[in-house]
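Source file: work.pdb; contents: PDB, C-alpha atoms, pLDDT in the B column.
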```pdb
ATOM      1  CA  MET A   1       0.000   0.000   0.000  1.00 83.00           C
ATOM      2  CA  LYS A   2       1.062   3.566  -0.655  1.00 93.00           C
ATOM      3  CA  SER A   3       2.638   5.458   2.267  1.00 96.00           C
ATOM      4  CA  ILE A   4       2.559   9.204   2.936  1.00 97.00           C
ATOM      5  CA  ASN A   5       4.818  11.271   5.205  1.00 97.00           C
ATOM      6  CA  LEU A   6       3.097  14.414   6.463  1.00 97.00           C
ATOM      7  CA  GLU A   7       3.583  16.879   9.306  1.00 98.00           C
ATOM      8  CA  ILE A   8       0.373  17.234  11.305  1.00 98.00           C
ATOM      9  CA  TYR A   9      -0.679  19.352  14.282  1.00 98.00           C
ATOM     10  CA  LYS A  10      -2.276  18.024  17.464  1.00 98.00           C
ATOM     11  CA  SER A  11      -3.317  20.209  20.384  1.00 97.00           C
ATOM     12  CA  GLY A  12      -0.894  19.876  23.262  1.00 96.00           C
ATOM     13  CA  ASP A  13       1.746  18.148  21.138  1.00 97.00           C
ATOM     14  CA  GLY A  14       2.352  20.651  18.346  1.00 98.00           C
ATOM     15  CA  TRP A  15       3.666  19.652  14.931  1.00 98.00           C
ATOM     16  CA  LYS A  16       4.979  16.163  14.304  1.00 97.00           C
ATOM     17  CA  GLU A  17       5.714  14.170  11.167  1.00 97.00           C
ATOM     18  CA  GLU A  18       3.585  11.063  10.821  1.00 98.00           C
ATOM     19  CA  VAL A  19       3.621   8.177   8.388  1.00 98.00           C
ATOM     20  CA  PHE A  20       0.230   7.243   6.936  1.00 98.00           C
ATOM     21  CA  THR A  21      -0.952   4.324   4.847  1.00 98.00           C
ATOM     22  CA  VAL A  22      -3.484   5.084   2.117  1.00 98.00           C
ATOM     23  CA  LYS A  23      -6.427   2.735   2.644  1.00 98.00           C
ATOM     24  CA  GLU A  24      -8.937   3.984   0.043  1.00 97.00           C
ATOM     25  CA  THR A  25      -9.160   6.582  -2.710  1.00 96.00           C
ATOM     26  CA  PHE A  26     -12.361   8.230  -3.948  1.00 93.00           C
ATOM     27  CA  THR A  27     -12.939  10.482  -6.946  1.00 90.00           C
ATOM     28  CA  VAL A  28     -16.042  12.662  -6.772  1.00 86.00           C
ATOM     29  CA  ARG A  29     -17.522  14.439  -9.776  1.00 79.00           C
ATOM     30  CA  GLN A  30     -17.802  18.213  -9.480  1.00 76.00           C
ATOM     31  CA  PRO A  31     -18.911  20.958 -11.910  1.00 70.00           C
ATOM     32  CA  ARG A  32     -15.368  22.402 -11.934  1.00 75.00           C
ATOM     33  CA  GLY A  33     -13.646  19.052 -12.220  1.00 79.00           C
ATOM     34  CA  PRO A  34     -13.308  15.952 -10.045  1.00 85.00           C
ATOM     35  CA  LYS A  35     -12.102  16.079  -6.446  1.00 89.00           C
ATOM     36  CA  VAL A  36      -9.969  13.369  -4.882  1.00 93.00           C
ATOM     37  CA  TYR A  37     -10.337  12.128  -1.319  1.00 96.00           C
ATOM     38  CA  GLU A  38      -8.457   9.388   0.510  1.00 98.00           C
ATOM     39  CA  VAL A  39      -8.754   7.484   3.753  1.00 98.00           C
ATOM     40  CA  TRP A  40      -5.416   7.383   5.589  1.00 98.00           C
ATOM     41  CA  GLU A  41      -4.399   5.341   8.611  1.00 98.00           C
ATOM     42  CA  ASP A  42      -1.581   6.099  11.050  1.00 98.00           C
ATOM     43  CA  SER A  43       0.637   3.612  12.881  1.00 96.00           C
ATOM     44  CA  GLU A  44      -1.844   3.446  15.783  1.00 97.00           C
ATOM     45  CA  GLY A  45      -4.793   2.579  13.557  1.00 98.00           C
ATOM     46  CA  ASN A  46      -6.429   6.012  13.680  1.00 98.00           C
ATOM     47  CA  GLN A  47      -8.103   6.917  10.393  1.00 98.00           C
ATOM     48  CA  TYR A  48      -8.235  10.265   8.629  1.00 98.00           C
ATOM     49  CA  TRP A  49     -10.044  11.834   5.678  1.00 98.00           C
ATOM     50  CA  ALA A  50      -7.610  13.524   3.286  1.00 98.00           C
ATOM     51  CA  LEU A  51      -8.893  16.329   1.054  1.00 97.00           C
ATOM     52  CA  LEU A  52      -6.280  16.501  -1.674  1.00 95.00           C
ATOM     53  CA  THR A  53      -5.201  19.425  -3.875  1.00 82.00           C
ATOM     54  CA  GLN A  54      -8.069  21.677  -2.879  1.00 92.00           C
ATOM     55  CA  LYS A  55      -7.041  25.305  -2.577  1.00 95.00           C
ATOM     56  CA  VAL A  56      -7.349  26.975   0.804  1.00 98.00           C
ATOM     57  CA  ASN A  57      -7.234  30.660   1.677  1.00 98.00           C
ATOM     58  CA  SER A  58      -3.686  31.866   1.039  1.00 98.00           C
ATOM     59  CA  ALA A  59      -3.683  34.450   3.856  1.00 98.00           C
ATOM     60  CA  ILE A  60      -4.566  31.832   6.449  1.00 98.00           C
ATOM     61  CA  GLU A  61      -2.219  29.228   4.960  1.00 98.00           C
ATOM     62  CA  ALA A  62       0.718  31.664   5.156  1.00 98.00           C
ATOM     63  CA  ASP A  63       0.120  32.466   8.838  1.00 98.00           C
ATOM     64  CA  LYS A  64       1.227  29.491  10.946  1.00 98.00           C
ATOM     65  CA  SER A  65      -0.178  30.889  14.196  1.00 98.00           C
ATOM     66  CA  TRP A  66      -3.562  31.421  12.542  1.00 98.00           C
ATOM     67  CA  VAL A  67      -3.551  27.889  11.193  1.00 98.00           C
ATOM     68  CA  GLU A  68      -2.718  26.572  14.659  1.00 98.00           C
ATOM     69  CA  LYS A  69      -5.544  28.601  16.211  1.00 98.00           C
ATOM     70  CA  ILE A  70      -7.992  27.020  13.762  1.00 98.00           C
ATOM     71  CA  LEU A  71      -6.628  23.503  14.256  1.00 98.00           C
ATOM     72  CA  ASP A  72      -6.693  23.918  18.048  1.00 98.00           C
ATOM     73  CA  TYR A  73     -10.328  24.971  17.937  1.00 98.00           C
ATOM     74  CA  THR A  74     -11.392  22.068  15.732  1.00 98.00           C
ATOM     75  CA  GLN A  75      -9.858  19.609  18.174  1.00 98.00           C
ATOM     76  CA  GLN A  76     -11.979  20.889  21.055  1.00 98.00           C
ATOM     77  CA  ASP A  77     -15.500  19.762  21.992  1.00 98.00           C
ATOM     78  CA  ASN A  78     -17.603  21.400  19.284  1.00 98.00           C
ATOM     79  CA  TRP A  79     -19.233  20.669  15.932  1.00 98.00           C
ATOM     80  CA  ILE A  80     -16.220  21.461  13.755  1.00 98.00           C
ATOM     81  CA  ILE A  81     -14.575  18.395  12.208  1.00 98.00           C
ATOM     82  CA  GLU A  82     -11.257  17.631  13.913  1.00 98.00           C
ATOM     83  CA  THR A  83      -8.584  18.949  11.559  1.00 98.00           C
ATOM     84  CA  TYR A  84      -4.812  18.308  11.619  1.00 98.00           C
ATOM     85  CA  THR A  85      -3.458  20.109   8.554  1.00 98.00           C
ATOM     86  CA  PHE A  86      -4.690  23.092   6.564  1.00 98.00           C
ATOM     87  CA  ASN A  87      -2.943  23.767   3.272  1.00 97.00           C
ATOM     88  CA  SER A  88      -3.509  23.485  -0.462  1.00 96.00           C
ATOM     89  CA  ARG A  89      -1.645  20.195  -0.675  1.00 96.00           C
ATOM     90  CA  CYS A  90      -3.806  18.399   1.879  1.00 97.00           C
ATOM     91  CA  CYS A  91      -6.395  19.193   4.510  1.00 98.00           C
ATOM     92  CA  LEU A  92      -6.463  16.244   6.890  1.00 98.00           C
ATOM     93  CA  THR A  93      -9.479  15.638   9.132  1.00 98.00           C
ATOM     94  CA  LYS A  94     -10.775  12.857  11.323  1.00 98.00           C
ATOM     95  CA  TYR A  95     -12.553  10.084   9.428  1.00 98.00           C
ATOM     96  CA  TYR A  96     -16.079   9.140  10.476  1.00 98.00           C
ATOM     97  CA  PRO A  97     -16.848   5.992   8.445  1.00 96.00           C
ATOM     98  CA  ASP A  98     -20.451   5.572   9.624  1.00 94.00           C
ATOM     99  CA  TYR A  99     -21.518   9.187   9.141  1.00 97.00           C
ATOM    100  CA  TYR A 100     -23.275  10.791   6.176  1.00 96.00           C
ATOM    101  CA  PRO A 101     -23.845  14.306   4.880  1.00 95.00           C
ATOM    102  CA  ASN A 102     -27.067  15.610   6.393  1.00 95.00           C
ATOM    103  CA  VAL A 103     -28.360  15.800   2.824  1.00 91.00           C
ATOM    104  CA  ILE A 104     -26.373  13.845   0.239  1.00 87.00           C
ATOM    105  CA  ASN A 105     -26.133  16.143  -2.776  1.00 81.00           C
ATOM    106  CA  GLU A 106     -24.823  15.424  -6.244  1.00 75.00           C
ATOM    107  CA  GLY A 107     -21.263  16.299  -5.258  1.00 74.00           C
ATOM    108  CA  SER A 108     -21.093  13.583  -2.597  1.00 80.00           C
ATOM    109  CA  ALA A 109     -23.469  10.978  -4.065  1.00 80.00           C
ATOM    110  CA  ASP A 110     -20.541   9.146  -5.710  1.00 83.00           C
ATOM    111  CA  LEU A 111     -19.446   8.041  -2.242  1.00 89.00           C
ATOM    112  CA  TYR A 112     -22.609   6.040  -1.571  1.00 87.00           C
ATOM    113  CA  SER A 113     -24.706   3.333  -3.145  1.00 84.00           C
ATOM    114  CA  HIS A 114     -28.081   4.316  -4.557  1.00 80.00           C
ATOM    115  CA  GLU A 115     -29.829   2.376  -1.796  1.00 83.00           C
ATOM    116  CA  SER A 116     -27.802   4.107   0.932  1.00 86.00           C
ATOM    117  CA  TYR A 117     -28.617   7.431  -0.663  1.00 83.00           C
ATOM    118  CA  ARG A 118     -32.328   6.618  -0.828  1.00 81.00           C
ATOM    119  CA  GLN A 119     -32.441   5.463   2.785  1.00 87.00           C
ATOM    120  CA  ARG A 120     -30.736   8.633   3.981  1.00 89.00           C
ATOM    121  CA  VAL A 121     -33.221  10.791   2.084  1.00 84.00           C
ATOM    122  CA  ILE A 122     -36.092   8.932   3.714  1.00 86.00           C
ATOM    123  CA  SER A 123     -34.484   9.098   7.170  1.00 92.00           C
ATOM    124  CA  HIS A 124     -33.952  12.829   6.785  1.00 93.00           C
ATOM    125  CA  TYR A 125     -37.599  13.233   5.757  1.00 90.00           C
ATOM    126  CA  ALA A 126     -38.850  11.234   8.749  1.00 93.00           C
ATOM    127  CA  HIS A 127     -36.626  13.052  11.244  1.00 96.00           C
ATOM    128  CA  PHE A 128     -36.947  16.651  10.045  1.00 96.00           C
ATOM    129  CA  ASP A 129     -39.987  16.613   7.751  1.00 93.00           C
ATOM    130  CA  ASN A 130     -39.594  18.239   4.352  1.00 86.00           C
ATOM    131  CA  PRO A 131     -41.176  21.540   3.279  1.00 79.00           C
ATOM    132  CA  TYR A 132     -40.964  20.413  -0.351  1.00 75.00           C
ATOM    133  CA  LYS A 133     -42.119  16.836   0.133  1.00 77.00           C
ATOM    134  CA  GLU A 134     -44.939  17.005  -2.423  1.00 75.00           C
ATOM    135  CA  ASP A 135     -42.369  17.736  -5.133  1.00 71.00           C
ATOM    136  CA  TYR A 136     -39.426  15.744  -3.830  1.00 69.00           C
ATOM    137  CA  PHE A 137     -41.312  12.502  -3.339  1.00 70.00           C
ATOM    138  CA  LYS A 138     -43.758  12.659  -6.217  1.00 68.00           C
ATOM    139  CA  ASN A 139     -44.271   9.193  -7.749  1.00 65.00           C
ATOM    140  CA  VAL A 140     -41.864   7.531  -5.283  1.00 65.00           C
ATOM    141  CA  ASN A 141     -43.350   4.221  -4.222  1.00 66.00           C
ATOM    142  CA  GLY A 142     -43.582   3.651  -0.492  1.00 65.00           C
ATOM    143  CA  VAL A 143     -42.858   7.186   0.665  1.00 66.00           C
ATOM    144  CA  GLU A 144     -46.513   7.760   1.501  1.00 64.00           C
ATOM    145  CA  LYS A 145     -46.152   5.065   4.172  1.00 70.00           C
ATOM    146  CA  ILE A 146     -43.310   6.830   5.964  1.00 79.00           C
ATOM    147  CA  GLU A 147     -44.390   8.514   9.155  1.00 86.00           C
ATOM    148  CA  VAL A 148     -42.815  11.844   9.927  1.00 92.00           C
ATOM    149  CA  SER A 149     -41.665  11.944  13.534  1.00 94.00           C
ATOM    150  CA  GLN A 150     -43.907  13.871  15.926  1.00 95.00           C
ATOM    151  CA  GLY A 151     -40.765  15.585  17.072  1.00 97.00           C
ATOM    152  CA  ALA A 152     -39.795  16.715  13.559  1.00 97.00           C
ATOM    153  CA  PRO A 153     -40.535  20.442  14.116  1.00 96.00           C
ATOM    154  CA  HIS A 154     -38.458  20.346  17.317  1.00 97.00           C
ATOM    155  CA  ASN A 155     -35.689  18.346  15.623  1.00 98.00           C
ATOM    156  CA  ARG A 156     -35.537  20.819  12.785  1.00 97.00           C
ATOM    157  CA  GLN A 157     -35.465  23.891  15.001  1.00 97.00           C
ATOM    158  CA  LYS A 158     -32.923  22.392  17.404  1.00 98.00           C
ATOM    159  CA  PHE A 159     -30.528  21.443  14.599  1.00 98.00           C
ATOM    160  CA  TYR A 160     -30.910  24.852  12.962  1.00 98.00           C
ATOM    161  CA  ARG A 161     -30.341  26.919  16.111  1.00 98.00           C
ATOM    162  CA  GLU A 162     -27.312  24.919  17.225  1.00 98.00           C
ATOM    163  CA  ALA A 163     -25.782  25.009  13.742  1.00 98.00           C
ATOM    164  CA  ILE A 164     -26.064  28.805  13.693  1.00 98.00           C
ATOM    165  CA  HIS A 165     -24.550  28.953  17.178  1.00 98.00           C
ATOM    166  CA  GLN A 166     -21.658  26.629  16.280  1.00 98.00           C
ATOM    167  CA  HIS A 167     -20.768  28.639  13.174  1.00 98.00           C
ATOM    168  CA  GLU A 168     -20.794  31.865  15.191  1.00 98.00           C
ATOM    169  CA  LEU A 169     -18.624  30.353  17.929  1.00 98.00           C
ATOM    170  CA  PHE A 170     -16.084  29.208  15.355  1.00 98.00           C
ATOM    171  CA  SER A 171     -15.981  32.670  13.807  1.00 98.00           C
ATOM    172  CA  ASP A 172     -15.645  34.416  17.170  1.00 98.00           C
ATOM    173  CA  ASN A 173     -12.780  32.145  18.237  1.00 98.00           C
ATOM    174  CA  THR A 174     -10.779  32.031  15.011  1.00 98.00           C
ATOM    175  CA  GLY A 175     -11.516  35.236  13.090  1.00 98.00           C
ATOM    176  CA  CYS A 176     -12.786  33.315  10.077  1.00 98.00           C
ATOM    177  CA  TYR A 177     -15.819  31.420   8.832  1.00 98.00           C
ATOM    178  CA  PHE A 178     -16.960  28.648   6.513  1.00 98.00           C
ATOM    179  CA  ALA A 179     -17.730  30.221   3.143  1.00 95.00           C
ATOM    180  CA  ASP A 180     -19.666  27.202   1.843  1.00 93.00           C
ATOM    181  CA  ILE A 181     -22.655  26.433   4.066  1.00 94.00           C
ATOM    182  CA  ASP A 182     -25.268  23.975   2.880  1.00 91.00           C
ATOM    183  CA  PRO A 183     -26.952  20.862   4.323  1.00 94.00           C
ATOM    184  CA  ASN A 184     -24.391  18.574   2.662  1.00 92.00           C
ATOM    185  CA  ASN A 185     -21.623  20.226   4.706  1.00 95.00           C
ATOM    186  CA  PHE A 186     -22.957  18.855   7.979  1.00 98.00           C
ATOM    187  CA  LEU A 187     -21.819  15.302   8.680  1.00 98.00           C
ATOM    188  CA  VAL A 188     -24.261  13.319  10.828  1.00 98.00           C
ATOM    189  CA  ASP A 189     -24.497   9.882  12.373  1.00 97.00           C
ATOM    190  CA  GLU A 190     -27.276   7.377  11.726  1.00 95.00           C
ATOM    191  CA  ASN A 191     -29.712   9.126  14.074  1.00 96.00           C
ATOM    192  CA  PHE A 192     -28.759  12.750  13.356  1.00 97.00           C
ATOM    193  CA  SER A 193     -27.624  13.087  16.982  1.00 96.00           C
ATOM    194  CA  ASN A 194     -23.889  13.702  16.457  1.00 98.00           C
ATOM    195  CA  ILE A 195     -22.937  16.416  14.002  1.00 98.00           C
ATOM    196  CA  LYS A 196     -19.733  17.716  12.449  1.00 98.00           C
ATOM    197  CA  ILE A 197     -19.291  20.761  10.205  1.00 98.00           C
ATOM    198  CA  ILE A 198     -17.097  19.805   7.255  1.00 97.00           C
ATOM    199  CA  ASP A 199     -15.496  21.282   4.105  1.00 95.00           C
ATOM    200  CA  VAL A 200     -12.652  22.974   5.979  1.00 98.00           C
ATOM    201  CA  CYS A 201     -11.019  23.976   2.687  1.00 97.00           C
ATOM    202  CA  CYS A 202     -13.577  26.782   2.372  1.00 97.00           C
ATOM    203  CA  ILE A 203     -12.550  28.501   5.640  1.00 98.00           C
ATOM    204  CA  THR A 204     -12.132  32.220   4.923  1.00 98.00           C
ATOM    205  CA  PRO A 205     -11.030  35.273   6.971  1.00 98.00           C
ATOM    206  CA  GLY A 206     -13.870  37.379   8.319  1.00 98.00           C
ATOM    207  CA  ASP A 207     -16.974  37.426  10.512  1.00 98.00           C
ATOM    208  CA  ILE A 208     -19.751  34.933   9.800  1.00 98.00           C
ATOM    209  CA  ARG A 209     -22.274  37.682  10.527  1.00 97.00           C
ATOM    210  CA  ASP A 210     -21.168  39.392   7.304  1.00 95.00           C
ATOM    211  CA  TYR A 211     -21.837  36.195   5.338  1.00 94.00           C
ATOM    212  CA  ASN A 212     -23.434  36.689   1.935  1.00 90.00           C
ATOM    213  CA  ASP A 213     -22.780  34.069  -0.722  1.00 83.00           C
ATOM    214  CA  GLY A 214     -25.354  35.379  -3.185  1.00 75.00           C
ATOM    215  CA  SER A 215     -26.075  31.847  -4.417  1.00 67.00           C
ATOM    216  CA  ASP A 216     -29.633  31.607  -3.154  1.00 64.00           C
ATOM    217  CA  PRO A 217     -31.877  34.680  -3.485  1.00 62.00           C
ATOM    218  CA  ARG A 218     -34.174  33.239  -0.823  1.00 62.00           C
ATOM    219  CA  SER A 219     -31.392  32.894   1.723  1.00 66.00           C
ATOM    220  CA  SER A 220     -27.911  34.246   1.123  1.00 80.00           C
ATOM    221  CA  ARG A 221     -27.282  36.466   4.165  1.00 90.00           C
ATOM    222  CA  TRP A 222     -26.555  35.483   7.734  1.00 95.00           C
ATOM    223  CA  PRO A 223     -28.285  33.916   9.518  1.00 94.00           C
ATOM    224  CA  LEU A 224     -29.226  31.627   6.655  1.00 93.00           C
ATOM    225  CA  LYS A 225     -32.753  30.283   6.627  1.00 90.00           C
ATOM    226  CA  ASP A 226     -33.375  26.787   7.877  1.00 91.00           C
ATOM    227  CA  HIS A 227     -33.551  25.076   4.474  1.00 88.00           C
ATOM    228  CA  ARG A 228     -29.941  26.198   3.864  1.00 90.00           C
ATOM    229  CA  ILE A 229     -28.864  24.514   7.112  1.00 94.00           C
ATOM    230  CA  VAL A 230     -31.205  21.582   7.739  1.00 95.00           C
ATOM    231  CA  GLY A 231     -32.209  20.983   4.137  1.00 91.00           C
ATOM    232  CA  PRO A 232     -33.211  20.144   1.613  1.00 86.00           C
ATOM    233  CA  VAL A 233     -32.228  23.200  -0.397  1.00 77.00           C
ATOM    234  CA  TRP A 234     -35.159  24.106  -2.618  1.00 65.00           C
ATOM    235  CA  SER A 235     -32.966  24.294  -5.726  1.00 62.00           C
ATOM    236  CA  ASP A 236     -31.270  20.905  -5.213  1.00 63.00           C
ATOM    237  CA  THR A 237     -32.511  19.361  -8.462  1.00 56.00           C
ATOM    238  CA  TYR A 238     -30.358  16.269  -8.078  1.00 56.00           C
ATOM    239  CA  TYR A 239     -32.085  15.417  -4.806  1.00 51.00           C
ATOM    240  CA  LYS A 240     -35.450  15.791  -6.519  1.00 51.00           C
ATOM    241  CA  ASP A 241     -34.620  14.114  -9.811  1.00 55.00           C
ATOM    242  CA  ALA A 242     -33.218  10.989  -8.180  1.00 53.00           C
ATOM    243  CA  TYR A 243     -36.693  10.146  -6.926  1.00 49.00           C
ATOM    244  CA  ASN A 244     -39.079  11.787  -9.378  1.00 47.00           C
ATOM    245  CA  LYS A 245     -38.799   8.867 -11.798  1.00 46.00           C
TER     246      LYS A 245
END
```

Output the file's structure as structure tokens, nothing else.
Amino acid sequence: MKSINLEIYKSGDGWKEEVFTVKETFTVRQPRGPKVYEVWEDSEGNQYWALLTQKVNSAIEADKSWVEKILDYTQQDNWIIETYTFNSRCCLTKYYPDYYPNVINEGSADLYSHESYRQRVISHYAHFDNPYKEDYFKNVNGVEKIEVSQGAPHNRQKFYREAIHQHELFSDNTGCYFADIDPNNFLVDENFSNIKIIDVCCITPGDIRDYNDGSDPRSSRWPLKDHRIVGPVWSDTYYKDAYNK
């Protein structure tokens, strides 16, 4: 198996070179070209998710103390994915093999089987309800039998409020924010009870309260509306088209 030598940062220990074994490689289709991800394992059996050759903010990358502040924060008890390197060669985070994006969009669907994807859509619907369910599940056999949890309104509001809070805490503590915020950038466990904010490559200098991505005329300023956090995003045609057949 292929081996990688890389210097990583761990809170309390500082920087140290580690040797990793590449366990798996994934190529994910993207509008601007494919992205490559790998699962790495260290000598103690700990596994990591490697985001390869994705550009990060150059101002942050050039400031070692700023990078360390970000990495320190991610390794504390919060929603941010534990991160050990931040540069344009490789962003290395903790690997959660049994977690899924809160909503699996087209960009991450290559990582899952169709059946896994379908089950996660249905689980999301049952747990959070779906404001667009009449469109999303039109002509999908069996969906009419799925019971939406009585706690769905509470689940949805709780997830939304805490996600907003976690993004603001990260910004307040690091002086930067996640520039790409959508439901697929929240990693969740089977029951949506443990959550991690991912896509660390998009971390950008600034205050999250000034956020304005302009991508969604219904919700582009902070705080984003709940469909931009909990999902599904109303314009996610892939999510719709996969089941409107």

TODO: Expand the PyMOL selection byres ((chain A and resi 205) around 9) into the individual residues it matches in the shown file, reporting them as a list in words.
DONE: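 Given this file, the PyMOL selection byres ((chain A and resi 205) around 9) evaluates to Asn57, Ala59, Ile60, Ser171, Thr174, Gly175, Cys176, Tyr177, Phe178, Ile203, Thr204, Gly206 and Asp207 of chain A.
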
Could those residues be written to a file, using C-alpha atoms, as a PDB file, keeping the file's coordinate frame?
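Result went into part_10.pdb, see below:
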```pdb
ATOM      1  CA  ASN A  57      -7.234  30.660   1.677  1.00 98.00           C
ATOM      2  CA  ALA A  59      -3.683  34.450   3.856  1.00 98.00           C
ATOM      3  CA  ILE A  60      -4.566  31.832   6.449  1.00 98.00           C
ATOM      4  CA  SER A 171     -15.981  32.670  13.807  1.00 98.00           C
ATOM      5  CA  THR A 174     -10.779  32.031  15.011  1.00 98.00           C
ATOM      6  CA  GLY A 175     -11.516  35.236  13.090  1.00 98.00           C
ATOM      7  CA  CYS A 176     -12.786  33.315  10.077  1.00 98.00           C
ATOM      8  CA  TYR A 177     -15.819  31.420   8.832  1.00 98.00           C
ATOM      9  CA  PHE A 178     -16.960  28.648   6.513  1.00 98.00           C
ATOM     10  CA  ILE A 203     -12.550  28.501   5.640  1.00 98.00           C
ATOM     11  CA  THR A 204     -12.132  32.220   4.923  1.00 98.00           C
ATOM     12  CA  GLY A 206     -13.870  37.379   8.319  1.00 98.00           C
ATOM     13  CA  ASP A 207     -16.974  37.426  10.512  1.00 98.00           C
TER      14      ASP A 207
END
```

Open item on the list: Taking 6 positions as the minimum chain separation for residues in the same chain, which residues sit within 9 Å of segment 179-194 of chain A when counting all atoms listed in the file? Answer as a VMD selection string.
Closed with: chain A and resid 79 81 96 98 to 105 107 to 108 120 123 to 124 127 159 163 202 to 204 208 211 to 213 224 227 to 233

Open item on the list: Which residue is closest to Gly151 of chain A? Choose from A:Trp222, A:Ile198, A:Trp66, A:Asp129 and count all atoms listed in the file.
Closed with: A:Asp129

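With distances taken over all atoms listed in the file, A:Glu17 is the one residue among A:Asp135, A:Glu17, A:Glu24, A:Asp63 lying closest to Ser43 of chain A.
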
Open item on the list: Residues within 12 Å of segment 30-32 of chain A, please, as an MDAnalysis selection string. Count all atoms listed in the file; anything in the same chain fewer than 3 positions from it doesn't count.
Closed with: chainID A and resid 27 35:36 54 105:110

TODO: Carefully work through the PyMOL selection byres ((chain A and resi 6) around 7) for this structure and note down the residues it includes, as a PyMOL selection string.
DONE: chain A and resi 4-5+7-8+17-19

Open item on the list: So, with all atoms listed in the file as the atoms that count, which of A:Leu92, A:Val39, A:Cys201, A:Ile146 lies closest to Ser58 of chain A?
Closed with: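 Smallest distance to Ser58 of chain A is found for A:Cys201.
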
For Gly14 of chain A, please output as a PDB file with C-alpha atoms, in the coordinates of the input all residues within 12 Å (counting only C-alpha atoms; exclusion window: fewer than 2 positions along the same chain).
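Contents of part00.pdb, freshly written:
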```pdb
ATOM      1  CA  GLU A   7       3.583  16.879   9.306  1.00 98.00           C
ATOM      2  CA  ILE A   8       0.373  17.234  11.305  1.00 98.00           C
ATOM      3  CA  TYR A   9      -0.679  19.352  14.282  1.00 98.00           C
ATOM      4  CA  LYS A  10      -2.276  18.024  17.464  1.00 98.00           C
ATOM      5  CA  SER A  11      -3.317  20.209  20.384  1.00 97.00           C
ATOM      6  CA  GLY A  12      -0.894  19.876  23.262  1.00 96.00           C
ATOM      7  CA  LYS A  16       4.979  16.163  14.304  1.00 97.00           C
ATOM      8  CA  GLU A  17       5.714  14.170  11.167  1.00 97.00           C
ATOM      9  CA  LYS A  64       1.227  29.491  10.946  1.00 98.00           C
ATOM     10  CA  SER A  65      -0.178  30.889  14.196  1.00 98.00           C
ATOM     11  CA  VAL A  67      -3.551  27.889  11.193  1.00 98.00           C
ATOM     12  CA  GLU A  68      -2.718  26.572  14.659  1.00 98.00           C
ATOM     13  CA  LYS A  69      -5.544  28.601  16.211  1.00 98.00           C
ATOM     14  CA  LEU A  71      -6.628  23.503  14.256  1.00 98.00           C
ATOM     15  CA  ASP A  72      -6.693  23.918  18.048  1.00 98.00           C
ATOM     16  CA  TYR A  84      -4.812  18.308  11.619  1.00 98.00           C
ATOM     17  CA  THR A  85      -3.458  20.109   8.554  1.00 98.00           C
TER      18      THR A  85
END
```

Open item on the list: Once the PyMOL selection byres ((chain A and resi 147) around 10) is applied to the coordinates I shared, what remains selected? I want it as a list in words.
Closed with: Ile122, Tyr125, Ala126, His127, Asp129, Val143, Glu144, Lys145, Ile146, Val148, Ser149 and Gln150 of chain A

Open item on the list: Between atom CA of Asp77 of chain A and atom CA of Ala50 of chain A, what is the distance in Å, rounded to a tenth?
Closed with: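 So the two atoms, atom CA of Asp77 of chain A and atom CA of Ala50 of chain A, lie 21.2 Å apart.
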
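Between atom CA of Thr93 of chain A and atom CA of Val121 of chain A the separation is 25.2 Å.
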
- [ ] Determine the nearest neighbour of Asn130 of chain A from the options A:Tyr37, A:His114, A:Tyr95, A:Arg156, counting only C-alpha atoms.
- [x]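 With only C-alpha atoms as the atom set, the closest residue is A:Arg156.
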
TODO: Could you check which of A:Cys90, A:Leu169, A:Val22, A:Ile197 is closest to Met1 of chain A, using only C-alpha atoms?
DONE: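 Using only C-alpha atoms, Met1 of chain A sits closest to A:Val22.
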
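Straight-line separation from atom CA of Tyr73 of chain A to atom CA of His167 of chain A: 12.0 Å.
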
Task: Proximity to Ala152 of chain A - best of A:Phe128, A:Phe20, A:Phe170, A:Tyr117, all atoms listed in the file - done: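 Closest candidate: A:Phe128.
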
Task: Non-local contacts of Glu41 of chain A (6 Å; all atoms listed in the file; under 5 positions in same chain excluded) as a ChimeraX atom specification - done: /A:20-21,46-47
